[in-house]
file upload-v1.pdb (PDB, C-alpha atoms, pLDDT in the B column)
ATOM      1  CA  MET A 400     122.610  85.439 108.816  1.00 36.00           C
ATOM      2  CA  ASP A 401     123.016  89.181 109.390  1.00 46.00           C
ATOM      3  CA  ARG A 402     125.293  89.698 112.423  1.00 57.00           C
ATOM      4  CA  SER A 403     125.152  93.500 112.317  1.00 69.00           C
ATOM      5  CA  ILE A 404     124.579  95.170 115.662  1.00 76.00           C
ATOM      6  CA  HIS A 405     122.830  98.176 114.167  1.00 83.00           C
ATOM      7  CA  ASP A 406     120.678  99.518 111.379  1.00 91.00           C
ATOM      8  CA  VAL A 407     121.463 102.841 109.707  1.00 93.00           C
ATOM      9  CA  GLU A 408     118.890 104.918 107.870  1.00 95.00           C
ATOM     10  CA  ARG A 409     120.226 107.926 105.973  1.00 96.00           C
ATOM     11  CA  LEU A 410     117.496 110.574 105.878  1.00 95.00           C
ATOM     12  CA  ASP A 411     119.579 112.976 103.804  1.00 94.00           C
ATOM     13  CA  GLY A 412     123.250 113.711 103.219  1.00 92.00           C
ATOM     14  CA  ARG A 413     123.782 115.065 106.737  1.00 95.00           C
ATOM     15  CA  THR A 414     121.263 113.154 108.880  1.00 96.00           C
ATOM     16  CA  ALA A 415     121.293 109.492 109.922  1.00 97.00           C
ATOM     17  CA  VAL A 416     119.227 107.411 112.331  1.00 97.00           C
ATOM     18  CA  VAL A 417     121.198 104.589 113.977  1.00 95.00           C
ATOM     19  CA  THR A 418     119.180 101.865 115.709  1.00 92.00           C
ATOM     20  CA  LEU A 419     121.061  99.461 117.954  1.00 86.00           C
ATOM     21  CA  ARG A 420     119.812  95.894 117.976  1.00 80.00           C
ATOM     22  CA  ARG A 421     119.114  93.574 120.879  1.00 71.00           C
ATOM     23  CA  GLY A 422     122.004  91.381 122.003  1.00 63.00           C
ATOM     24  CA  ALA A 423     124.728  93.527 120.496  1.00 58.00           C
ATOM     25  CA  GLY A 424     127.420  92.208 122.861  1.00 59.00           C
ATOM     26  CA  HIS A 425     130.386  93.525 124.789  1.00 61.00           C
ATOM     27  CA  GLU A 426     132.130  95.159 121.800  1.00 74.00           C
ATOM     28  CA  LEU A 427     129.223  97.525 121.228  1.00 80.00           C
ATOM     29  CA  GLY A 428     130.988 100.661 122.502  1.00 83.00           C
ATOM     30  CA  ILE A 429     133.892 100.228 120.099  1.00 86.00           C
ATOM     31  CA  GLU A 430     131.575  99.470 117.197  1.00 88.00           C
ATOM     32  CA  VAL A 431     129.332 102.478 117.933  1.00 89.00           C
ATOM     33  CA  ALA A 432     132.379 104.768 118.039  1.00 91.00           C
ATOM     34  CA  ARG A 433     133.611 103.365 114.699  1.00 93.00           C
ATOM     35  CA  LEU A 434     130.188 103.628 113.100  1.00 93.00           C
ATOM     36  CA  LEU A 435     129.653 107.254 114.130  1.00 94.00           C
ATOM     37  CA  ALA A 436     133.173 108.182 112.957  1.00 95.00           C
ATOM     38  CA  THR A 437     132.577 106.462 109.609  1.00 96.00           C
ATOM     39  CA  LEU A 438     129.252 108.237 109.120  1.00 96.00           C
ATOM     40  CA  GLU A 439     130.795 111.574 110.072  1.00 95.00           C
ATOM     41  CA  ALA A 440     133.625 111.029 107.565  1.00 96.00           C
ATOM     42  CA  ASP A 441     130.893 110.418 104.982  1.00 96.00           C
ATOM     43  CA  GLY A 442     129.322 113.832 105.692  1.00 95.00           C
ATOM     44  CA  VAL A 443     126.805 113.019 108.442  1.00 96.00           C
ATOM     45  CA  SER A 444     126.736 115.619 111.230  1.00 95.00           C
ATOM     46  CA  ARG A 445     123.182 115.140 112.522  1.00 96.00           C
ATOM     47  CA  PHE A 446     122.723 111.842 114.371  1.00 97.00           C
ATOM     48  CA  VAL A 447     119.785 110.149 116.027  1.00 97.00           C
ATOM     49  CA  VAL A 448     120.798 107.063 118.021  1.00 95.00           C
ATOM     50  CA  ASP A 449     117.934 104.815 119.091  1.00 93.00           C
ATOM     51  CA  LEU A 450     118.800 102.918 122.277  1.00 89.00           C
ATOM     52  CA  ARG A 451     115.316 101.553 122.979  1.00 87.00           C
ATOM     53  CA  THR A 452     115.997  97.962 121.876  1.00 82.00           C
ATOM     54  CA  PRO A 453     119.129  96.928 123.826  1.00 74.00           C
ATOM     55  CA  GLN A 454     118.152  95.953 127.353  1.00 65.00           C
ATOM     56  CA  LEU A 455     121.595  96.602 128.827  1.00 67.00           C
ATOM     57  CA  LEU A 456     124.153  99.147 127.722  1.00 74.00           C
ATOM     58  CA  ASN A 457     127.690  99.263 129.018  1.00 77.00           C
ATOM     59  CA  SER A 458     129.522 102.463 129.849  1.00 81.00           C
ATOM     60  CA  LYS A 459     131.589 102.229 126.644  1.00 84.00           C
ATOM     61  CA  VAL A 460     128.470 102.844 124.530  1.00 85.00           C
ATOM     62  CA  LEU A 461     127.537 105.925 126.539  1.00 85.00           C
ATOM     63  CA  ASP A 462     131.154 107.119 126.386  1.00 87.00           C
ATOM     64  CA  ALA A 463     131.144 106.732 122.580  1.00 88.00           C
ATOM     65  CA  LEU A 464     127.985 108.862 122.362  1.00 89.00           C
ATOM     66  CA  VAL A 465     129.359 111.582 124.651  1.00 88.00           C
ATOM     67  CA  ARG A 466     132.633 111.698 122.721  1.00 88.00           C
ATOM     68  CA  ALA A 467     130.820 111.889 119.376  1.00 90.00           C
ATOM     69  CA  ALA A 468     128.627 114.749 120.600  1.00 90.00           C
ATOM     70  CA  ALA A 469     131.563 116.666 122.066  1.00 87.00           C
ATOM     71  CA  HIS A 470     132.833 117.926 118.726  1.00 84.00           C
ATOM     72  CA  LEU A 471     129.522 118.445 116.907  1.00 89.00           C
ATOM     73  CA  ASP A 472     128.913 122.178 116.626  1.00 89.00           C
ATOM     74  CA  PRO A 473     125.204 123.095 116.759  1.00 89.00           C
ATOM     75  CA  ARG A 474     125.981 126.434 115.069  1.00 89.00           C
ATOM     76  CA  THR A 475     126.636 124.434 111.907  1.00 91.00           C
ATOM     77  CA  GLY A 476     123.465 122.361 112.332  1.00 91.00           C
ATOM     78  CA  ALA A 477     125.318 119.404 113.852  1.00 94.00           C
ATOM     79  CA  GLY A 478     124.097 117.429 116.840  1.00 93.00           C
ATOM     80  CA  LEU A 479     123.355 114.053 118.370  1.00 94.00           C
ATOM     81  CA  ALA A 480     120.011 113.008 119.832  1.00 94.00           C
ATOM     82  CA  VAL A 481     119.542 109.806 121.823  1.00 92.00           C
ATOM     83  CA  ILE A 482     116.222 107.993 122.082  1.00 93.00           C
ATOM     84  CA  THR A 483     115.961 106.013 125.309  1.00 88.00           C
ATOM     85  CA  GLU A 484     113.327 104.872 127.754  1.00 85.00           C
ATOM     86  CA  GLN A 485     115.870 103.694 130.334  1.00 82.00           C
ATOM     87  CA  GLN A 486     116.103 106.090 133.257  1.00 83.00           C
ATOM     88  CA  TYR A 487     119.690 105.149 134.164  1.00 77.00           C
ATOM     89  CA  VAL A 488     120.836 105.974 130.623  1.00 81.00           C
ATOM     90  CA  ARG A 489     119.032 109.321 130.721  1.00 79.00           C
ATOM     91  CA  THR A 490     120.539 110.150 134.103  1.00 80.00           C
ATOM     92  CA  ILE A 491     124.089 109.309 133.042  1.00 78.00           C
ATOM     93  CA  LEU A 492     123.821 111.314 129.823  1.00 77.00           C
ATOM     94  CA  GLU A 493     122.166 114.277 131.572  1.00 75.00           C
ATOM     95  CA  VAL A 494     124.940 114.626 134.153  1.00 73.00           C
ATOM     96  CA  THR A 495     127.843 113.990 131.766  1.00 70.00           C
ATOM     97  CA  GLU A 496     129.491 117.204 130.618  1.00 59.00           C
ATOM     98  CA  THR A 497     130.059 117.405 126.867  1.00 56.00           C
ATOM     99  CA  GLY A 498     131.599 120.055 124.662  1.00 56.00           C
ATOM    100  CA  GLY A 499     128.776 119.710 122.168  1.00 59.00           C
ATOM    101  CA  LEU A 500     125.100 119.114 122.568  1.00 73.00           C
ATOM    102  CA  LEU A 501     123.570 115.754 123.273  1.00 84.00           C
ATOM    103  CA  PHE A 502     119.789 115.753 123.196  1.00 90.00           C
ATOM    104  CA  LEU A 503     117.570 113.177 124.926  1.00 89.00           C
ATOM    105  CA  ALA A 504     114.250 112.133 123.434  1.00 92.00           C
ATOM    106  CA  ASP A 505     111.434 109.647 123.933  1.00 92.00           C
ATOM    107  CA  SER A 506     110.655 109.125 120.234  1.00 95.00           C
ATOM    108  CA  ARG A 507     112.189 109.375 116.783  1.00 95.00           C
ATOM    109  CA  GLU A 508     110.068 112.421 115.959  1.00 96.00           C
ATOM    110  CA  GLU A 509     111.109 114.194 119.162  1.00 95.00           C
ATOM    111  CA  ALA A 510     114.779 113.364 118.488  1.00 95.00           C
ATOM    112  CA  LEU A 511     114.676 114.765 114.961  1.00 95.00           C
ATOM    113  CA  GLU A 512     112.957 117.931 116.184  1.00 95.00           C
ATOM    114  CA  ALA A 513     115.575 118.358 118.935  1.00 92.00           C
ATOM    115  CA  LEU A 514     118.484 118.495 116.482  1.00 93.00           C
ATOM    116  CA  PRO A 515     119.679 121.929 115.435  1.00 90.00           C
ATOM    117  CA  PRO A 516     118.352 123.063 112.042  1.00 87.00           C
ATOM    118  CA  ALA A 517     120.437 121.725 109.160  1.00 77.00           C
ATOM    119  CA  ARG A 518     122.594 124.410 107.588  1.00 73.00           C
ATOM    120  CA  ALA A 519     123.956 124.452 104.069  1.00 63.00           C
TER
END

call {"tool": "encode", "arguments": {"input": "upload-v1.pdb", "output": "structure tokens"}}
result
Amino acid sequence: MDRSIHDVERLDGRTAVVTLRRGAGHELGIEVARLLATLEADGVSRFVVDLRTPQLLNSKVLDALVRAAAHLDPRTGAGLAVITEQQYVRTILEVTETGGLLFLADSREEALEALPPARA
């Protein structure tokens, strides 16, 4: 049985879509932080994180996303877009100050369009 809390789809060498699964559990924030760091070490700098499936997200997940976005420089084509339909998640991410850019989107297409253009 697959116990993974996420699915990762690599669109190209620099872009990945991470979809969190339902029932991911209380360790989700730590695992999201590790996953994003691992992907970044592997050359990914353009992230789409789909939060539509989990019904409840703890603050550690949102903290991991804010921290990941803080050092992504949009001038190099890097960025992080979050897909969510949950108003409380949108509100928290909108009011949280980050050093980088964190984009909010309603769909995968909108999230990919919101990311800065990929640079060579």

call {"tool": "closest_residue", "arguments": {"input": "upload-v1.pdb", "among": "A:His470, A:Lys459, A:Arg420, A:Arg451", "to": "Glu439 (chain A)", "atoms": "all atoms listed in the file"}}
result
A:His470

call {"tool": "atom_distance", "arguments": {"input": "upload-v1.pdb", "atom1": "CA of Asp505 (chain A)", "atom2": "CA of Gln486 (chain A)"}}
result
11.0 Å

call {"tool": "atom_distance", "arguments": {"input": "upload-v1.pdb", "atom1": "CA of Leu500 (chain A)", "atom2": "CA of Glu408 (chain A)"}}
result
21.4 Å

call {"tool": "closest_residue", "arguments": {"input": "upload-v1.pdb", "among": "A:Val448, A:Leu419, A:Leu434, A:Ala463", "to": "Ala480 (chain A)", "atoms": "only C-alpha atoms"}}
result
A:Val448

call {"tool": "residues_around", "arguments": {"input": "upload-v1.pdb", "residues": "region 425-432 of chain A", "least_positions_apart": "2", "cutoff": "9 Å", "atoms": "only C-alpha atoms", "output": "number ranges by chain"}}
result
A: 404-405, 419, 423, 434-437, 456-464, 466-467

call {"tool": "resolve_selection", "arguments": {"input": "upload-v1.pdb", "expression": "the PyMOL selection byres ((chain A and resi 443) around 8)", "output": "VMD selection string"}}
result
chain A and resid 412 to 415 438 to 442 444 to 446

call {"tool": "closest_residue", "arguments": {"input": "upload-v1.pdb", "among": "A:Leu501, A:Leu410, A:Ser506, A:Pro453", "to": "Asp472 (chain A)", "atoms": "all atoms listed in the file"}}
result
A:Leu501

call {"tool": "atom_distance", "arguments": {"input": "upload-v1.pdb", "atom1": "CA of Phe502 (chain A)", "atom2": "CA of Val407 (chain A)"}}
result
18.7 Å
